[in-house]
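*Asks:* First the structure, then my questions, so here it is.
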Amino acid sequence: MTDHHAGPCPRCAQPIGERPAHSRLHTHRTQPICTTCGTDEAHRDTTGLAPIPPTDWPLTTPDH
C-alpha cells in the first residue's frame, strides 16, 4: 500500500501515517492530521475543551 500522506502531521510534527484523520478545525476537513491528533480533536470537541488553534501547531499549513 502506498502512503499518500507521507510527511509530518502539521499539528504535532509526527508522521501522519497510512490512515490520517482530517482536522475538525478546517471547514471542509481537507487538512490531514495523524490519528492521535484526530482523536485529541474529537475528545476536545465532545468534552467542551478548547481546540488547539492552528496558529499553535508546530508546522504551518497553506490555508493559514
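Identifiers in the C-alpha cells: chain A, B, ... in order shown; residue index from 1 per chain; ligand index from 1 in order shown.
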DSSP on the backbone: which residues in chain A end up as strand (DSSP E)? Give the answer as a list in words.
*Replies:* Ala21, His22, Pro32 and Ile33 of chain A
*Asks:* Selection from above, N, CA, C and O atoms, as an mmCIF file, in the first residue's frame, can you write it?
*Replies:*
data_model
loop_
_atom_site.group_PDB
_atom_site.id
_atom_site.type_symbol
_atom_site.label_atom_id
_atom_site.label_comp_id
_atom_site.auth_asym_id
_atom_site.auth_seq_id
_atom_site.Cartn_x
_atom_site.Cartn_y
_atom_site.Cartn_z
ATOM 1 N N ALA A 21 -6.445 11.226 9.917
ATOM 2 C CA ALA A 21 -7.719 11.853 10.262
ATOM 3 C C ALA A 21 -7.752 13.172 9.488
ATOM 4 O O ALA A 21 -6.799 13.530 8.812
ATOM 5 N N HIS A 22 -8.856 13.897 9.605
ATOM 6 C CA HIS A 22 -8.958 15.216 8.980
ATOM 7 C C HIS A 22 -9.362 16.211 10.049
ATOM 8 O O HIS A 22 -10.310 15.981 10.797
ATOM 9 N N PRO A 32 -5.183 16.853 6.358
ATOM 10 C CA PRO A 32 -4.900 15.588 7.036
ATOM 11 C C PRO A 32 -4.029 15.801 8.265
ATOM 12 O O PRO A 32 -3.124 16.636 8.273
ATOM 13 N N ILE A 33 -4.344 15.055 9.317
ATOM 14 C CA ILE A 33 -3.562 15.049 10.551
ATOM 15 C C ILE A 33 -3.434 13.587 10.985
ATOM 16 O O ILE A 33 -4.168 12.729 10.505
#
*Asks:* In Å to one decimal, how far is atom CA of Thr27 of chain A from atom CA of Trp57 of chain A?
*Replies:*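 Those two atoms sit 17.1 Å apart.
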*Asks:* Extract, using only C-alpha atoms, all DNA, RNA and protein residues at most 6 Å from segment 15-20 of chain A, discarding same-chain residues fewer than 6 positions from it, and format them as a PyMOL selection string.
*Replies:* chain A and resi 3+7-9+32-35
*Asks:* Would you mind exporting the chosen residues as a compact mmCIF listing (two decimals), in the first residue's frame, restricted to N, CA and C atoms?
*Replies:*
# COMPACT_ATOMS: atom_id res chain seq x y z
N ASP A 3 1.66 5.03 0.84
CA ASP A 3 1.24 6.03 1.83
C ASP A 3 1.13 7.37 1.13
N GLY A 7 4.84 12.22 5.37
CA GLY A 7 5.23 13.54 5.86
C GLY A 7 4.69 13.76 7.25
N PRO A 8 5.04 14.87 7.83
CA PRO A 8 4.65 15.13 9.21
C PRO A 8 3.23 15.68 9.34
N CYS A 9 2.64 15.39 10.47
CA CYS A 9 1.35 15.96 10.84
C CYS A 9 1.59 17.43 11.17
N PRO A 32 -5.18 16.85 6.36
CA PRO A 32 -4.90 15.59 7.04
C PRO A 32 -4.03 15.80 8.27
N ILE A 33 -4.34 15.05 9.32
CA ILE A 33 -3.56 15.05 10.55
C ILE A 33 -3.43 13.59 10.98
N CYS A 34 -2.51 13.29 11.88
CA CYS A 34 -2.33 11.91 12.33
C CYS A 34 -3.53 11.47 13.17
N THR A 35 -3.68 10.17 13.34
CA THR A 35 -4.83 9.65 14.09
C THR A 35 -4.81 10.08 15.55
*Asks:* Would you list, as a list in words, the residues of segment 1-46 of chain A that end up in helix (DSSP H, G or I) under DSSP run on this structure's backbone?
*Replies:* Thr35, Thr36, Cys37, Gly38, Thr39, Asp40, Glu41, Ala42, His43, Arg44, Asp45 and Thr46 of chain A
*Asks:* When you look at segment 45-53 of chain A with a cut-off of 10 Å (counting only C-alpha atoms), what residues show up, excluding the ones that are within fewer than 5 positions of it in the same chain? I need them as a list of chain:residue names.
*Replies:*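 Near neighbours after the sequence-gap exclusion: A:Arg11, A:Arg24, A:Leu25, A:Thr39, A:Asp40.
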*Asks:* Can you work out the spacing between atom CA of His43 of chain A and atom CA of Pro58 of chain A in Å, to one decimal?
*Replies:*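 Distance reported for this atom pair: 20.2 Å.
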